[in-house]
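Take a look at the structure below.
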Amino acid sequence: MRLGYALSSEEHRPRDLVRWARRAEEAGFTFGMISDHYHPWTDRQGNSPFAWSILGALAEGTERMAFGTAVTCPLIRYHPALVAQMAATVGALMPGRFWLGLGTGENLNEHVYGDRWPGAVERISMFREAIQIIRALWQGDLVEYDGDYYDVSRARLYTLPDEPVPIYVAGNGPKVLEAVAELADGYVGTAPKKDLIARFDELSGPGKPKIGQVTVCWAADEAVARRTAFEIWPTAAVTGEASQELPLPRHFEELAKMATEEMVAREVICGPDPQRHAEALRKYADAGYDHVYVHQIGPDQDGMIDFYAREVLPKVGQAAVSGVAPAAAAG
C-alpha cells in the first residue's frame with residue numbers, strides 16, 4: 001500500500017498547502033490529493049483557494065511526490081473542454097506525477113454561476129459525456145462535439161504532456177461505475193467497500209489503481225483531537241445525499257447542529273494511538289485499495305506528518321518506491 005497526504009483546501013491557505021506537501025514528501029508520503037472546491041463545507045473551515053493554481057506551485061515545490069484532484073467536477077462550474085486543458089497543462093508541468101480525479105460534484109460548488117443543479121441520474125449521464133470530451137481533446141486533434149449536454153466547436157489543445165494524464169473516477173454507488181468505469185484508469189473512494197471495488201474491477205478491468213481516503217485528527221491528547229474534529233469538521237457525521245444537494249456552508253452548519261462530538265469521533269480516527277491509525281488504513285487494503293491518503297483535520301499538520309512518518313508508515317508496509325503516479329494505462 002502507498003500512503004498519501006490530503007491537501008485540504010477547505011481549511012488551509014495556499015502557501016501552507018505547498019509547504020505541508022513538501023514536508024509530507026520529505027517524511028515519506030508518496031502522493032497527495034487536493035480538494036477542488038469553490039466553497040468550504042462550513043464557514044469555520046475558512047478557506048477555498050483555487051486548486052489548479054496550487055497544483056502549479058506543487059509542480060515546482062516538490063520533486064518526487066505525485067498529485068491528483070480529489071475530485072474535480074467537469075459538469076457545470078468547469079466545462080469539460082476547460083478541464084481537459086487544465087489537466088493537460090498540469091500534466092506537462094509534472095510529467096508522470098499527476099492524475100485527474102473526476103466526480104459528479106456537489107451543489108455546494110456547482111451552483112455559483114446560477115446554473116440549475118441536475119438530478120443524480122442526469123449528472124451521471126453528463127459525467128460520461130464530459131470524460132469522452134476530455135479524452136477526445138487529449139488526442140491533440142481538432143474536436144467538434146455535438147452532445148446531449150455539451151458542445152465543443154473547433155477546439156484543439158496544443159500543449160499536451162508526453163503521456164496522457166490518467167483519469168480516476170469517484171463514485172460511492174454502482175450507478176456511477178456502470179456509466180464510467182470503462183472510461184477510467186483508476187478509482188477514488190471514501191469508504192472501504194469491497195463490493196464497489198470488485199464491481200469497478202469487473203467493469204474497468206483488474207489491476208487499475210484504487211485510492212481511498214481516511215480522515216483523522218491526530219493530537220497528543222485524544223480529547224483535544226476529538227474536540228478539534230468536532231469543531232472544524234462536524235460534517236463528518238453527515239451521511240446520505242445531503243453532501244451533494246445542499247448549496248451553502250450555512251446549510252451544512254445547520255445540519256451539523258444535530259451531530260455530537262461522539263458521532264464525529266465514530267467517523268474520524270482521533271488521537272495518538274498508532275495502532276488505530278494503522279488499522280483504519282488496513283481496512284482499505286483489505287477492501288482492495290492499493291493507495292490511501294490521509295486527511296488530517298485541524299492546524300497541526302506538522303504534528304500529524306511527523307507522527308505518521310515515525311509511527312504509522314513503518315506499520316503499514318508502504319512500498320519503497322515514491323514519487324510515481326499510480327500505474328495505469330491511460331486510455
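Chain labels run A, B, ... following the order of the C-alpha cells; each chain numbers its residues from 1, and ligands are numbered from 1 in the order shown.
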
- request: Considering only C-alpha atoms, return as a PyMOL selection string whatever protein or nucleic-acid residues lie within 9 Å of region 291-303 of chain A, sequence-local ones (same chain, fewer than 5 positions apart) excluded.
  value: chain A and resi 1-8+11-12+20+23-24+29+31-33+45+209-220+225+228-229+232-233+281+284-285+308+326

Within 9 Å of Ile76 (chain A), counting only C-alpha atoms, which residues show up once you throw out same-chain ones fewer than 6 positions away? Write them as a PDB file with all heavy atoms, in the first residue's frame, please.
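So the final result, stored in part_13.pdb, reads:
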```pdb
ATOM      1  N   GLY A 105     -19.701  15.814  -8.466  1.00  0.00           N
ATOM      2  CA  GLY A 105     -19.762  17.113  -7.835  1.00  0.00           C
ATOM      3  C   GLY A 105     -20.807  17.285  -6.745  1.00  0.00           C
ATOM      4  O   GLY A 105     -21.546  16.369  -6.398  1.00  0.00           O
ATOM      5  N   GLU A 110     -21.154  23.896  -7.397  1.00  0.00           N
ATOM      6  CA  GLU A 110     -21.550  23.993  -8.802  1.00  0.00           C
ATOM      7  C   GLU A 110     -22.665  24.993  -9.069  1.00  0.00           C
ATOM      8  O   GLU A 110     -22.949  25.300 -10.229  1.00  0.00           O
ATOM      9  CB  GLU A 110     -21.967  22.612  -9.309  1.00  0.00           C
ATOM     10  CG  GLU A 110     -20.891  21.547  -9.159  1.00  0.00           C
ATOM     11  CD  GLU A 110     -19.573  21.943  -9.798  1.00  0.00           C
ATOM     12  OE1 GLU A 110     -19.584  22.352 -10.976  1.00  0.00           O
ATOM     13  OE2 GLU A 110     -18.528  21.863  -9.113  1.00  0.00           O
ATOM     14  N   HIS A 111     -23.299  25.544  -8.029  1.00  0.00           N
ATOM     15  CA  HIS A 111     -24.423  26.461  -8.258  1.00  0.00           C
ATOM     16  C   HIS A 111     -23.984  27.904  -8.455  1.00  0.00           C
ATOM     17  O   HIS A 111     -24.813  28.777  -8.740  1.00  0.00           O
ATOM     18  CB  HIS A 111     -25.378  26.418  -7.053  1.00  0.00           C
ATOM     19  CG  HIS A 111     -24.884  27.188  -5.871  1.00  0.00           C
ATOM     20  ND1 HIS A 111     -24.051  26.648  -4.915  1.00  0.00           N
ATOM     21  CD2 HIS A 111     -25.077  28.482  -5.497  1.00  0.00           C
ATOM     22  CE1 HIS A 111     -23.768  27.565  -4.005  1.00  0.00           C
ATOM     23  NE2 HIS A 111     -24.377  28.695  -4.344  1.00  0.00           N
ATOM     24  N   TYR A 113     -22.652  29.897 -10.567  1.00  0.00           N
ATOM     25  CA  TYR A 113     -22.964  30.720 -11.739  1.00  0.00           C
ATOM     26  C   TYR A 113     -24.466  30.852 -11.963  1.00  0.00           C
ATOM     27  O   TYR A 113     -24.906  31.433 -12.962  1.00  0.00           O
ATOM     28  CB  TYR A 113     -22.326  30.124 -12.997  1.00  0.00           C
ATOM     29  CG  TYR A 113     -20.823  30.041 -12.969  1.00  0.00           C
ATOM     30  CD1 TYR A 113     -20.165  28.994 -13.595  1.00  0.00           C
ATOM     31  CD2 TYR A 113     -20.054  31.003 -12.325  1.00  0.00           C
ATOM     32  CE1 TYR A 113     -18.782  28.904 -13.582  1.00  0.00           C
ATOM     33  CE2 TYR A 113     -18.674  30.922 -12.302  1.00  0.00           C
ATOM     34  CZ  TYR A 113     -18.040  29.866 -12.939  1.00  0.00           C
ATOM     35  OH  TYR A 113     -16.668  29.788 -12.922  1.00  0.00           O
ATOM     36  N   ASP A 115     -26.457  28.247 -12.363  1.00  0.00           N
ATOM     37  CA  ASP A 115     -26.948  27.141 -13.185  1.00  0.00           C
ATOM     38  C   ASP A 115     -27.850  26.223 -12.369  1.00  0.00           C
ATOM     39  O   ASP A 115     -27.726  26.107 -11.150  1.00  0.00           O
ATOM     40  CB  ASP A 115     -25.769  26.326 -13.730  1.00  0.00           C
ATOM     41  CG  ASP A 115     -24.911  27.122 -14.682  1.00  0.00           C
ATOM     42  OD1 ASP A 115     -25.260  27.203 -15.857  1.00  0.00           O
ATOM     43  OD2 ASP A 115     -23.875  27.677 -14.235  1.00  0.00           O
ATOM     44  N   ARG A 116     -28.712  25.546 -13.071  1.00  0.00           N
ATOM     45  CA  ARG A 116     -29.573  24.537 -12.457  1.00  0.00           C
ATOM     46  C   ARG A 116     -28.721  23.370 -11.965  1.00  0.00           C
ATOM     47  O   ARG A 116     -27.773  22.958 -12.627  1.00  0.00           O
ATOM     48  CB  ARG A 116     -30.587  24.048 -13.496  1.00  0.00           C
ATOM     49  CG  ARG A 116     -31.522  22.942 -13.019  1.00  0.00           C
ATOM     50  CD  ARG A 116     -32.470  22.543 -14.145  1.00  0.00           C
ATOM     51  NE  ARG A 116     -31.773  21.924 -15.258  1.00  0.00           N
ATOM     52  CZ  ARG A 116     -31.515  20.616 -15.345  1.00  0.00           C
ATOM     53  NH1 ARG A 116     -31.892  19.795 -14.367  1.00  0.00           N
ATOM     54  NH2 ARG A 116     -30.888  20.126 -16.407  1.00  0.00           N
ATOM     55  N   TRP A 117     -29.088  22.841 -10.795  1.00  0.00           N
ATOM     56  CA  TRP A 117     -28.403  21.655 -10.265  1.00  0.00           C
ATOM     57  C   TRP A 117     -29.178  20.417 -10.710  1.00  0.00           C
ATOM     58  O   TRP A 117     -30.276  20.165 -10.242  1.00  0.00           O
ATOM     59  CB  TRP A 117     -28.322  21.728  -8.750  1.00  0.00           C
ATOM     60  CG  TRP A 117     -27.683  20.543  -8.082  1.00  0.00           C
ATOM     61  CD1 TRP A 117     -28.251  19.730  -7.147  1.00  0.00           C
ATOM     62  CD2 TRP A 117     -26.354  20.051  -8.280  1.00  0.00           C
ATOM     63  NE1 TRP A 117     -27.376  18.753  -6.754  1.00  0.00           N
ATOM     64  CE2 TRP A 117     -26.191  18.919  -7.443  1.00  0.00           C
ATOM     65  CE3 TRP A 117     -25.284  20.427  -9.094  1.00  0.00           C
ATOM     66  CZ2 TRP A 117     -25.017  18.175  -7.378  1.00  0.00           C
ATOM     67  CZ3 TRP A 117     -24.099  19.702  -9.044  1.00  0.00           C
ATOM     68  CH2 TRP A 117     -23.980  18.606  -8.194  1.00  0.00           C
TER      69      TRP A 117
END
```

- line: If you count only C-alpha atoms, the residue of A:Glu202, A:Glu261, A:Glu178, A:Glu253 closest to Arg226 (chain A) turns out to be A:Glu261

query: Skipping near chain neighbours, those fewer than 3 positions away, what residues fall within 9 Å of Leu313 (chain A) using only C-alpha atoms, listed as a list in words?
result: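 So the residues in contact are Leu3, Gly28, Phe29, Ala278, Tyr308, Ala309, Arg310, Val316, Gly317 and Gln318 of chain A.
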
- prompt: What does the distance between CA of Thr62 (chain A) and CA of Arg97 (chain A) come to in Å, to one decimal place?
  reply: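 Spanning CA of Thr62 (chain A) to CA of Arg97 (chain A) is a straight-line distance of 10.2 Å.
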
Atomic distance CA of Pro174 (chain A) - CA of Ala287 (chain A), expressed in Å with one decimal: 15.8 Å

Surrounding residues of Glu26 (chain A) excluding itself and chain neighbours under 4 positions, 10 Å, only C-alpha atoms, as a PyMOL selection string: chain A and resi 20-22+30+62-65+305+309

- prompt: Quick one: distance from CA of Glu222 (chain A) to CA of Cys270 (chain A) in Å, one decimal?
  reply: 6.0 Å

task: as a VMD selection string, list the residues of region 230-291 of chain A assigned to helix (DSSP H, G or I) by DSSP on the backbone atoms of this structure.
output: chain A and resid 230 to 232 234 to 237 242 to 245 249 to 256 261 to 267 274 to 287

For the residues in that selection, give me C-alpha atoms as a short mmCIF file (atom, residue, chain, number, x, y, z; two decimals), in the first residue's frame.
```cif
data_model
loop_
_atom_site.label_atom_id
_atom_site.label_comp_id
_atom_site.auth_asym_id
_atom_site.auth_seq_id
_atom_site.Cartn_x
_atom_site.Cartn_y
_atom_site.Cartn_z
CA PHE A 230 -15.98 18.21 16.09
CA GLU A 231 -15.36 21.96 15.88
CA ILE A 232 -13.77 22.01 12.41
CA PRO A 234 -18.73 18.29 12.15
CA THR A 235 -19.95 17.29 8.70
CA ALA A 236 -18.07 14.01 9.14
CA ALA A 237 -21.25 12.86 10.86
CA ALA A 242 -27.02 15.95 1.75
CA SER A 243 -23.37 16.40 0.78
CA GLN A 244 -24.40 16.54 -2.90
CA GLU A 245 -27.57 18.59 -2.54
CA PRO A 249 -21.89 26.25 4.02
CA ARG A 250 -24.54 27.56 6.43
CA HIS A 251 -26.85 24.75 5.37
CA PHE A 252 -24.20 22.23 6.35
CA GLU A 253 -23.73 24.07 9.63
CA GLU A 254 -27.44 23.85 10.33
CA LEU A 255 -27.46 20.12 9.60
CA ALA A 256 -24.29 19.59 11.65
CA GLU A 261 -18.67 15.01 19.37
CA GLU A 262 -19.20 11.28 19.85
CA MET A 263 -20.82 10.94 16.41
CA VAL A 264 -17.88 12.69 14.73
CA ALA A 265 -15.37 10.60 16.67
CA ARG A 266 -17.00 7.45 15.31
CA GLU A 267 -16.20 8.63 11.77
CA PRO A 274 -0.69 4.42 16.02
CA GLN A 275 -2.48 1.08 16.03
CA ARG A 276 -5.86 2.72 15.45
CA HIS A 277 -4.49 4.73 12.55
CA ALA A 278 -2.80 1.69 11.01
CA GLU A 279 -5.93 -0.41 11.42
CA ALA A 280 -8.01 2.18 9.55
CA LEU A 281 -5.57 2.00 6.66
CA ARG A 282 -5.59 -1.80 6.66
CA LYS A 283 -9.39 -1.83 6.27
CA TYR A 284 -8.90 -0.12 2.91
CA ALA A 285 -6.17 -2.56 1.92
CA ASP A 286 -8.45 -5.47 2.84
CA ALA A 287 -11.21 -3.98 0.67
#
```

For Val112 (chain A): contacts at 12 Å, only C-alpha atoms, fewer than 6 positions along chain excluded, given as a list in words: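 Contacts, with the query itself left out: His37, Tyr38, His39, Ile76, Arg77, Tyr78, Glu106, Pro247 and Leu248 of chain A.
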
Val18 (chain A) surroundings by only C-alpha atoms, 7 Å radius, close-in-sequence under 3 positions cut, as a PyMOL selection string: chain A and resi 14-15+21-22+57-58+61

- prompt: Given the choices A:Leu160, A:Val238, A:Asp273, A:Ile197, which gets closest to Met258 (chain A) if the distance is worked out from only C-alpha atoms?
  reply: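 Under the stated criterion, the closest residue is A:Val238.
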
Apply DSSP to the backbone of this structure and, from region 244-309 of chain A, keep only the residues in strand (DSSP E); write these as a PDB file with all heavy atoms, in the first residue's frame.
```
ATOM      1  N   ILE A 269     -10.681   9.060  12.934  1.00  0.00           N
ATOM      2  CA  ILE A 269      -9.706   8.446  13.836  1.00  0.00           C
ATOM      3  C   ILE A 269      -9.042   9.566  14.637  1.00  0.00           C
ATOM      4  O   ILE A 269      -8.313  10.385  14.079  1.00  0.00           O
ATOM      5  CB  ILE A 269      -8.644   7.658  13.058  1.00  0.00           C
ATOM      6  CG1 ILE A 269      -9.305   6.656  12.118  1.00  0.00           C
ATOM      7  CG2 ILE A 269      -7.691   6.948  14.019  1.00  0.00           C
ATOM      8  CD1 ILE A 269     -10.205   5.653  12.790  1.00  0.00           C
ATOM      9  N   CYS A 270      -9.308   9.625  15.918  1.00  0.00           N
ATOM     10  CA  CYS A 270      -8.829  10.716  16.763  1.00  0.00           C
ATOM     11  C   CYS A 270      -7.766  10.221  17.749  1.00  0.00           C
ATOM     12  O   CYS A 270      -7.902   9.140  18.326  1.00  0.00           O
ATOM     13  CB  CYS A 270      -9.984  11.340  17.552  1.00  0.00           C
ATOM     14  SG  CYS A 270     -11.209  12.182  16.523  1.00  0.00           S
ATOM     15  N   HIS A 291      -3.841   2.326  -2.615  1.00  0.00           N
ATOM     16  CA  HIS A 291      -3.379   3.654  -2.208  1.00  0.00           C
ATOM     17  C   HIS A 291      -4.399   4.238  -1.231  1.00  0.00           C
ATOM     18  O   HIS A 291      -5.609   4.130  -1.468  1.00  0.00           O
ATOM     19  CB  HIS A 291      -3.264   4.603  -3.403  1.00  0.00           C
ATOM     20  CG  HIS A 291      -2.248   4.197  -4.423  1.00  0.00           C
ATOM     21  ND1 HIS A 291      -2.414   3.119  -5.258  1.00  0.00           N
ATOM     22  CD2 HIS A 291      -1.040   4.737  -4.730  1.00  0.00           C
ATOM     23  CE1 HIS A 291      -1.359   3.005  -6.040  1.00  0.00           C
ATOM     24  NE2 HIS A 291      -0.518   3.981  -5.744  1.00  0.00           N
ATOM     25  N   VAL A 292      -3.920   4.845  -0.161  1.00  0.00           N
ATOM     26  CA  VAL A 292      -4.797   5.523   0.798  1.00  0.00           C
ATOM     27  C   VAL A 292      -4.163   6.863   1.147  1.00  0.00           C
ATOM     28  O   VAL A 292      -2.969   6.931   1.445  1.00  0.00           O
ATOM     29  CB  VAL A 292      -5.011   4.699   2.084  1.00  0.00           C
ATOM     30  CG1 VAL A 292      -5.943   5.441   3.036  1.00  0.00           C
ATOM     31  CG2 VAL A 292      -5.572   3.320   1.761  1.00  0.00           C
ATOM     32  N   TYR A 293      -4.970   7.922   1.099  1.00  0.00           N
ATOM     33  CA  TYR A 293      -4.449   9.223   1.515  1.00  0.00           C
ATOM     34  C   TYR A 293      -5.150   9.667   2.791  1.00  0.00           C
ATOM     35  O   TYR A 293      -6.317   9.363   3.021  1.00  0.00           O
ATOM     36  CB  TYR A 293      -4.559  10.265   0.400  1.00  0.00           C
ATOM     37  CG  TYR A 293      -5.935  10.712   0.000  1.00  0.00           C
ATOM     38  CD1 TYR A 293      -6.437  11.951   0.396  1.00  0.00           C
ATOM     39  CD2 TYR A 293      -6.736   9.916  -0.822  1.00  0.00           C
ATOM     40  CE1 TYR A 293      -7.695  12.379  -0.002  1.00  0.00           C
ATOM     41  CE2 TYR A 293      -7.992  10.338  -1.232  1.00  0.00           C
ATOM     42  CZ  TYR A 293      -8.457  11.563  -0.815  1.00  0.00           C
ATOM     43  OH  TYR A 293      -9.711  11.988  -1.204  1.00  0.00           O
ATOM     44  N   VAL A 294      -4.396  10.369   3.621  1.00  0.00           N
ATOM     45  CA  VAL A 294      -4.827  10.695   4.977  1.00  0.00           C
ATOM     46  C   VAL A 294      -5.139  12.177   5.072  1.00  0.00           C
ATOM     47  O   VAL A 294      -4.299  13.028   4.768  1.00  0.00           O
ATOM     48  CB  VAL A 294      -3.744  10.321   6.006  1.00  0.00           C
ATOM     49  CG1 VAL A 294      -4.224  10.607   7.423  1.00  0.00           C
ATOM     50  CG2 VAL A 294      -3.357   8.846   5.857  1.00  0.00           C
ATOM     51  N   HIS A 295      -6.368  12.469   5.494  1.00  0.00           N
ATOM     52  CA  HIS A 295      -6.810  13.852   5.709  1.00  0.00           C
ATOM     53  C   HIS A 295      -6.746  14.152   7.195  1.00  0.00           C
ATOM     54  O   HIS A 295      -7.511  13.597   7.985  1.00  0.00           O
ATOM     55  CB  HIS A 295      -8.236  14.022   5.182  1.00  0.00           C
ATOM     56  CG  HIS A 295      -8.891  15.291   5.647  1.00  0.00           C
ATOM     57  ND1 HIS A 295     -10.248  15.376   5.902  1.00  0.00           N
ATOM     58  CD2 HIS A 295      -8.382  16.518   5.905  1.00  0.00           C
ATOM     59  CE1 HIS A 295     -10.543  16.598   6.299  1.00  0.00           C
ATOM     60  NE2 HIS A 295      -9.428  17.312   6.312  1.00  0.00           N
ATOM     61  N   GLN A 296      -5.821  15.026   7.576  1.00  0.00           N
ATOM     62  CA  GLN A 296      -5.695  15.464   8.962  1.00  0.00           C
ATOM     63  C   GLN A 296      -6.532  16.711   9.172  1.00  0.00           C
ATOM     64  O   GLN A 296      -6.350  17.729   8.501  1.00  0.00           O
ATOM     65  CB  GLN A 296      -4.226  15.752   9.296  1.00  0.00           C
ATOM     66  CG  GLN A 296      -3.986  16.649  10.511  1.00  0.00           C
ATOM     67  CD  GLN A 296      -4.212  15.963  11.851  1.00  0.00           C
ATOM     68  OE1 GLN A 296      -4.619  14.813  11.916  1.00  0.00           O
ATOM     69  NE2 GLN A 296      -3.941  16.676  12.932  1.00  0.00           N
TER      70      GLN A 296
END
```

task: Would you mind telling me which residue in A:Pro206, A:Pro161, A:Pro80, A:Gly91 lies nearest to Arg135 (chain A) when using only C-alpha atoms?
output: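 Nearest to Arg135 (chain A): A:Pro80.
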